[in-house]
$ cat entry.txt   # compact mmCIF, C-alpha atoms
# COMPACT_ATOMS: atom_id res chain seq x y z
CA MET M 19 5.41 13.84 1.69
CA HIS M 20 2.55 13.98 -0.79
CA ILE M 21 1.92 17.38 -2.33
CA ARG M 22 -1.68 18.30 -3.04
CA GLU M 23 -3.32 21.17 -4.90
CA LYS M 24 -6.80 22.67 -4.93
CA THR M 25 -8.19 20.77 -7.87
CA ILE M 26 -5.58 18.06 -8.44
CA ALA M 27 -3.15 16.45 -6.00
CA SER M 28 0.04 18.36 -6.78
CA SER M 29 2.59 20.86 -5.63
CA SER M 30 1.45 23.27 -8.29
CA LYS M 31 -1.06 23.14 -11.09
CA LYS M 32 1.75 23.31 -13.61
CA SER M 33 3.73 20.36 -12.33
CA GLN M 34 0.93 17.81 -12.09
CA ILE M 35 -0.85 17.66 -15.44
CA LEU M 36 -1.86 14.04 -15.60
CA PRO M 37 -4.67 12.37 -17.57
CA PHE M 38 -7.41 10.79 -15.56
CA ILE M 39 -6.91 7.29 -16.93
CA LEU M 40 -9.48 5.60 -14.76
CA LEU M 41 -12.62 7.56 -13.99
CA ILE M 42 -14.06 5.11 -11.51
CA LEU M 43 -11.88 5.98 -8.52
CA THR M 44 -10.33 9.35 -7.76
CA ALA M 45 -8.30 10.77 -4.95
CA ALA M 46 -8.53 14.49 -5.68
CA PRO M 47 -9.13 17.09 -2.98
CA LEU M 48 -12.63 18.48 -2.71
CA VAL M 49 -13.32 22.19 -3.06
CA SER M 50 -16.43 23.79 -1.65
CA GLY M 51 -16.34 27.56 -1.75
CA LEU M 52 -13.17 28.52 0.09
CA SER M 53 -13.09 25.30 2.11
CA LEU M 54 -10.34 22.86 1.16
CA THR M 55 -10.12 19.25 2.32
CA MET M 56 -7.42 16.69 1.71
CA GLY M 57 -7.77 13.82 -0.77
CA LEU M 58 -10.32 11.06 -0.38
CA LEU M 59 -10.58 7.58 -1.87
CA LYS M 60 -13.94 7.23 -3.56
CA VAL M 61 -16.00 4.07 -3.27
CA GLY M 62 -16.99 2.60 -6.62
CA THR M 63 -17.12 -0.63 -8.57
CA PRO M 64 -13.80 -1.14 -10.37
CA LYS M 65 -13.76 -3.30 -13.47
CA SER M 66 -11.77 -6.48 -13.82
CA TRP M 67 -8.84 -6.50 -16.22
CA ASP M 68 -10.77 -8.51 -18.81
CA ASP M 69 -13.67 -6.04 -18.68
CA SER M 70 -11.29 -3.08 -18.81
CA LYS M 71 -9.58 -4.30 -21.98
CA LYS M 72 -12.72 -3.61 -24.00
CA ASN M 73 -12.42 0.09 -23.14
CA LEU M 74 -8.67 0.59 -23.48
CA LYS M 75 -8.90 2.54 -26.74
CA TYR M 76 -11.44 4.95 -25.28
CA ILE M 77 -9.44 5.37 -22.07
CA ARG M 78 -6.27 6.20 -24.00
CA GLN M 79 -8.04 8.69 -26.25
CA ALA M 80 -9.89 10.31 -23.36
CA GLY M 81 -6.66 10.50 -21.37
CA VAL M 82 -4.88 12.37 -24.18
CA LYS M 83 -7.81 14.78 -24.59
CA GLN M 84 -7.93 15.46 -20.85
CA PHE M 85 -4.19 16.00 -20.74
CA ILE M 86 -4.39 18.59 -23.51
CA SER M 87 -7.42 20.25 -21.94
CA THR M 88 -5.78 20.46 -18.53
CA TYR M 89 -2.52 21.71 -19.99
CA ASN M 90 -4.24 24.50 -21.92
CA ARG M 91 -6.20 25.48 -18.84
CA VAL M 92 -3.21 25.86 -16.52
CA LYS M 93 -0.23 26.54 -18.80
CA ASP M 94 -0.30 30.31 -18.19
CA LEU M 95 -0.80 30.23 -14.45
CA LYS M 96 1.79 32.12 -12.42
CA GLY M 97 2.29 32.50 -8.70
CA ASP M 98 -0.30 29.89 -7.87
CA GLU M 99 -0.64 29.10 -4.17
CA LEU M 100 1.37 26.11 -2.95
CA LEU M 101 -0.71 23.67 -0.95
CA TRP M 102 0.83 20.51 0.43
CA GLY M 103 0.33 17.84 3.05
CA ASP M 104 1.73 14.72 4.65
CA GLU M 105 0.40 11.27 5.41
CA ILE M 106 1.18 8.73 8.10
CA GLU M 107 0.53 5.00 7.82
CA TYR M 108 -0.34 3.10 10.98
CA GLY M 109 -0.09 -0.68 11.23
CA ILE M 110 -2.61 -2.18 13.69
CA PHE M 111 -1.12 -5.20 15.47
CA HIS M 112 -2.53 -7.62 18.05
CA ILE M 113 -0.20 -8.61 20.88
CA ASP M 114 -0.66 -12.15 22.20
CA LYS M 115 1.34 -12.01 25.42
CA ALA M 116 0.44 -15.55 26.47
CA ASN M 117 1.95 -17.08 23.33
CA LYS M 118 4.48 -14.30 22.77
CA LYS M 119 3.16 -13.68 19.28
CA LEU M 120 2.31 -10.66 17.20
CA ARG M 121 -0.51 -10.83 14.65
CA LEU M 122 -2.23 -8.47 12.25
CA SER M 123 -5.37 -6.88 13.67
CA LEU M 124 -7.80 -6.60 10.77
CA ARG M 125 -9.68 -3.64 12.24
CA GLY M 126 -8.31 -0.97 9.93
CA ALA M 127 -11.66 -0.08 8.34
CA GLU M 128 -13.46 -0.22 11.68
CA ILE M 129 -10.89 2.06 13.29
CA MET M 130 -10.93 4.48 10.36
CA ASN M 131 -14.73 4.81 10.47
CA ALA M 132 -14.75 5.29 14.25
CA LEU M 133 -12.08 8.00 14.10
CA ASN M 134 -13.76 9.91 11.28
CA LYS M 135 -17.06 9.76 13.14
CA GLN M 136 -15.41 11.14 16.28
CA GLU M 137 -13.81 13.89 14.24
CA SER M 138 -17.15 15.00 12.81
CA LEU M 139 -19.11 14.75 16.08
CA TYR M 140 -16.77 16.12 18.70
CA THR M 141 -14.72 18.82 16.99
CA SER M 142 -15.97 22.13 15.71
CA GLU M 143 -13.64 21.96 12.73
CA ASN M 144 -12.18 18.71 11.44
CA GLU M 145 -8.43 18.70 11.98
CA VAL M 146 -7.60 15.16 10.88
CA THR M 147 -8.78 12.79 8.15
CA PHE M 148 -8.35 9.01 8.27
CA VAL M 149 -8.38 7.18 4.93
CA PRO M 150 -8.04 3.54 3.75
CA GLU M 151 -4.73 1.87 2.99
CA TYR M 152 -4.01 -1.37 1.16
CA GLY M 153 -3.91 -3.68 4.17
CA ALA M 154 -6.95 -4.47 6.31
CA TRP M 155 -4.64 -3.95 9.29
CA MET M 156 -3.63 -0.46 8.14
CA CYS M 157 -4.99 3.05 8.48
CA GLU M 158 -3.67 6.24 6.96
CA ALA M 159 -3.98 9.69 8.50
CA THR M 160 -3.59 13.11 6.89
CA PRO M 161 -4.27 16.66 8.03
CA ALA M 162 -7.85 17.59 7.16
CA ARG M 163 -6.72 20.74 5.38
CA PRO M 164 -3.56 21.27 3.34
CA TYR M 165 -0.66 23.33 4.56
CA THR M 166 0.25 26.50 2.70
CA GLY M 167 3.52 27.95 1.45
CA TYR M 168 4.14 30.03 4.58
CA THR M 169 7.01 29.13 6.88
CA ALA M 170 4.65 29.13 9.85
CA ASP M 171 2.91 26.09 8.41
CA LEU M 172 6.07 24.04 8.90
CA LEU M 173 5.38 24.34 12.62
CA ARG M 174 1.95 22.78 12.13
CA VAL M 175 3.35 19.47 10.88
CA GLU M 176 4.60 18.00 14.17
CA THR M 177 1.54 19.27 16.04
CA SER M 178 -0.71 17.58 13.51
CA MET M 179 1.24 14.32 13.71
CA ARG M 180 0.99 14.32 17.51
CA LEU M 181 -2.74 15.00 17.27
CA ARG M 182 -3.23 12.08 14.88
CA ARG M 183 -1.35 9.78 17.26
CA GLN M 184 -3.56 10.91 20.15
CA ARG M 185 -6.69 10.27 18.12
CA MET M 186 -5.46 6.80 17.14
CA LEU M 187 -4.76 5.79 20.74
CA THR M 188 -8.38 6.51 21.73
CA VAL M 189 -9.76 3.64 19.63
CA LEU M 190 -7.13 0.93 20.16
CA LYS M 191 -7.92 -2.00 22.41
CA ASP M 192 -5.72 -2.90 25.36
CA TYR M 193 -3.87 -5.59 23.40
CA GLU M 194 -3.36 -3.51 20.25
CA ILE M 195 -0.53 -1.26 19.14
CA ALA M 196 -0.29 1.02 16.11
CA PRO M 197 3.30 1.85 15.15
CA THR M 198 3.80 4.14 12.18
CA VAL M 199 5.07 1.48 9.78
CA SER M 200 3.95 0.56 6.28
CA THR M 201 5.06 -3.07 6.33
CA TYR M 202 4.88 -6.09 8.62
CA PRO M 203 8.11 -8.13 8.77
CA MET M 204 6.32 -11.44 9.40
CA LEU M 205 3.80 -11.03 6.60
CA GLY M 206 3.31 -14.35 4.83
CA ALA M 207 5.38 -16.32 7.34
CA GLN M 208 2.64 -17.14 9.87
CA GLY M 209 0.21 -19.08 7.69
CA ASP M 210 -3.41 -19.17 8.84
CA ASP M 211 -2.40 -17.92 12.29
CA GLY M 212 -1.11 -14.52 11.23
CA SER M 213 -4.14 -12.34 11.86
CA VAL M 214 -7.01 -11.60 14.24
CA PRO M 215 -9.52 -12.87 13.33
CA PRO M 216 -7.73 -15.85 11.73
CA THR M 217 -7.77 -15.99 7.94
CA LYS M 218 -7.18 -18.85 5.54
CA VAL M 219 -4.21 -18.49 3.21
CA GLY M 220 -5.10 -17.94 -0.45
CA GLY M 221 -8.14 -16.63 -2.26
CA PRO M 222 -9.32 -15.75 -5.77
CA ARG M 223 -7.75 -12.29 -5.82
CA THR M 224 -4.17 -12.99 -4.76
CA GLN M 225 -4.07 -16.77 -5.31
CA SER M 226 -1.25 -16.51 -2.79
CA ASP M 227 0.59 -19.38 -1.14
CA TYR M 228 1.43 -17.23 1.89
CA ILE M 229 -1.27 -14.66 2.67
CA SER M 230 -5.06 -14.49 2.69
CA ASP M 231 -7.26 -12.28 0.54
CA ASP M 232 -8.93 -11.27 3.79
CA ILE M 233 -5.95 -9.20 4.92
CA ILE M 234 -6.57 -6.82 2.01
CA ASN M 235 -8.62 -3.72 2.79
CA PRO M 236 -12.33 -4.39 2.06
CA HIS M 237 -12.50 -1.26 -0.12
CA PRO M 238 -13.17 -2.60 -3.66
CA ARG M 239 -10.20 -0.77 -5.16
CA PHE M 240 -7.50 -2.77 -3.44
CA GLY M 241 -8.67 -6.31 -4.09
CA THR M 242 -9.43 -5.49 -7.73
CA LEU M 243 -6.03 -3.86 -8.12
CA THR M 244 -4.34 -7.01 -6.84
CA ALA M 245 -6.31 -9.32 -9.13
CA ASN M 246 -5.85 -7.07 -12.17
CA ILE M 247 -2.07 -6.92 -11.75
CA ARG M 248 -1.91 -10.72 -11.71
CA GLN M 249 -4.30 -11.08 -14.66
CA ARG M 250 -2.47 -8.50 -16.76
CA ARG M 251 0.93 -10.11 -16.06
CA GLY M 252 -0.46 -13.55 -16.80
CA SER M 253 1.12 -14.90 -13.61
CA LYS M 254 1.69 -14.11 -9.97
CA VAL M 255 4.56 -11.89 -8.90
CA ASN M 256 7.67 -14.01 -8.25
CA ILE M 257 8.94 -13.25 -4.74
CA ARG M 258 11.67 -15.89 -4.56
CA VAL M 259 14.93 -14.55 -3.14
CA PRO M 260 18.36 -16.20 -3.61
CA LEU M 261 20.14 -17.27 -0.43
CA PHE M 262 23.64 -16.04 0.28
CA ARG M 263 26.09 -18.90 -0.28
CA ASP M 264 28.10 -19.17 2.92
CA VAL M 265 29.39 -21.82 5.34
CA ASN M 266 26.94 -20.45 7.90
CA THR M 267 23.90 -20.83 5.64
CA PRO M 268 22.24 -24.09 6.80
CA GLU M 269 20.61 -24.78 3.43
CA TYR M 270 24.06 -25.15 1.84
CA ALA M 271 25.44 -27.53 4.45
CA ASN M 272 25.12 -30.68 2.30
CA TYR M 273 25.76 -29.25 -1.15
CA GLU M 274 28.91 -29.74 -3.13
CA PRO M 275 31.49 -26.93 -3.37
CA LEU M 276 31.33 -24.51 -6.26
CA HIS M 277 32.69 -25.50 -9.65
CA GLY M 278 34.16 -23.19 -12.26
CA GLY M 279 34.43 -20.12 -10.07
CA VAL M 280 34.19 -18.69 -6.60
CA ASP M 281 31.59 -16.01 -7.15
CA GLY M 282 28.80 -18.27 -5.91
CA CYS M 283 26.55 -17.86 -8.89
CA CYS M 284 26.85 -16.19 -12.26
CA GLY M 285 29.99 -16.89 -14.24
CA SER M 286 30.21 -20.50 -13.14
CA ASP M 287 28.21 -23.69 -13.41
CA ALA M 288 27.19 -23.41 -9.76
CA GLN M 289 23.68 -23.93 -8.57
CA GLN M 290 21.71 -21.49 -6.49
CA LEU M 291 19.09 -22.09 -3.81
CA TRP M 292 15.90 -20.05 -3.79
CA ARG M 293 13.57 -19.99 -0.83
CA TYR M 294 9.79 -19.32 -0.60
CA GLY M 295 8.90 -20.17 -4.17
CA LYS M 296 6.44 -22.46 -5.90
CA GLY M 297 5.78 -23.39 -9.48
CA ASP M 298 9.42 -23.86 -10.53
CA PHE M 299 10.18 -26.90 -12.68
CA CYS M 300 12.46 -28.17 -9.88
CA ALA M 301 9.78 -27.90 -7.21
CA GLU M 302 8.75 -31.55 -7.33
CA LYS M 303 12.32 -32.72 -6.85
CA PHE M 304 13.49 -30.26 -4.23
CA GLY M 305 10.21 -29.26 -2.55
CA ASN M 306 8.34 -26.00 -2.36
CA ARG M 307 10.19 -24.44 0.54
CA LYS M 308 13.67 -24.64 -1.07
CA ILE M 309 14.21 -24.83 -4.82
CA LEU M 310 17.54 -25.48 -6.50
CA VAL M 311 18.00 -23.69 -9.79
CA GLY M 312 20.91 -23.02 -12.11
CA CYS M 313 22.42 -19.57 -12.43
$ encode --input "entry.txt" --output "structure tokens"
Amino acid sequence: MHIREKTIASSSKKSQILPFILLILTAAPLVSGLSLTMGLLKVGTPKSWDDSKKNLKYIRQAGVKQFISTYNRVKDLKGDELLWGDEIEYGIFHIDKANKKLRLSLRGAEIMNALNKQESLYTSENEVTFVPEYGAWMCEATPARPYTGYTADLLRVETSMRLRRQRMLTVLKDYEIAPTVSTYPMLGAQGDDGSVPPTKVGGPRTQSDYISDDIINPHPRFGTLTANIRQRRGSKVNIRVPLFRDVNTPEYANYEPLHGGVDGCCGSDAQQLWRYGKGDFCAEKFGNRKILVGC
């Protein structure tokens, strides 16, 4: 669960005194009079990592000043009201019964906008808020107003979750499902045929060998975040995973037995297979799908 406060997302004003490092995007609750709403993701124009580096000194100094200012403002608070909430992540998937295949349905933003419009038009008081998530096939739902510290509010949680599910079902198409999951097991394993509409693997933001930039939420925050992580690291994230050395692992069928030990890897001069990796110095010899490396 994600705890949120009146002016900053927190369980109490004391426990969440964080500097606002980046001022472009915020996710703080909005306060208007006595009306409280849950956090929103603002739309802005995030800077690239190279552009951000020019302002790092200012950001650090401003962050320290804001930390001190916030701390001094709330350090003597006592008995402040506890406000908290929960969030549910839905994955939108397209079922292809004819080919017995499941694909990502990239309608997350469309569904989110339709649900929020319904909420504002057809209910006297908004009960649910739908917000963006990282994937273009994802949608996140929260209660529109935070829960309080009263025991009775615990009974509101399940009711709110059921209501969010009911709202979600009203906008799905006949061939779509929306389980409450935050990951897709086949992500990156279906190539250009892993989404509806189809998307081409790769792109300037991820530079991925397995997924398309188009499966990222169109909100500018997410694509920029992905690109900035890669640029700051100086390389892509390495997702290669070692295979378990076993007589039932097909990739090891034609490899020589271990030498110098029986642990299968470290402590001996054995070699280890890695799958789903590119860019290794052995790639040209052993291919991109399976790479043999030393331990």
$ closest_residue --input "entry.txt" --among "M:Thr160, M:Gln225, M:Ser213, M:Ser123" --to "M:Leu190" --atoms "only C-alpha atoms"
M:Ser123
$ atom_distance --input "entry.txt" --atom1 "atom CA of M:Tyr202" --atom2 "atom CA of M:Pro150"
16.8 Å
$ atom_distance --input "entry.txt" --atom1 "atom CA of M:Leu133" --atom2 "atom CA of M:Asp232"
22.1 Å
$ closest_residue --input "entry.txt" --among "M:Ala162, M:Val175, M:Val189, M:Leu120" --to "M:Gln136" --atoms "all atoms listed in the file"
M:Val189
$ atom_distance --input "entry.txt" --atom1 "atom CA of M:Val146" --atom2 "atom CA of M:Thr166"
16.0 Å
$ closest_residue --input "entry.txt" --among "M:Lys115, M:Arg125, M:Lys96, M:Lys72" --to "M:Pro236" --atoms "all atoms listed in the file"
M:Arg125
$ closest_residue --input "entry.txt" --among "M:Glu105, M:Glu194, M:Asp227, M:Asp210" --to "M:Ser178" --atoms "all atoms listed in the file"
M:Glu105
$ closest_residue --input "entry.txt" --among "M:Arg163, M:Lys75, M:Arg91, M:Arg121" --to "M:Gly103" --atoms "only C-alpha atoms"
M:Arg163
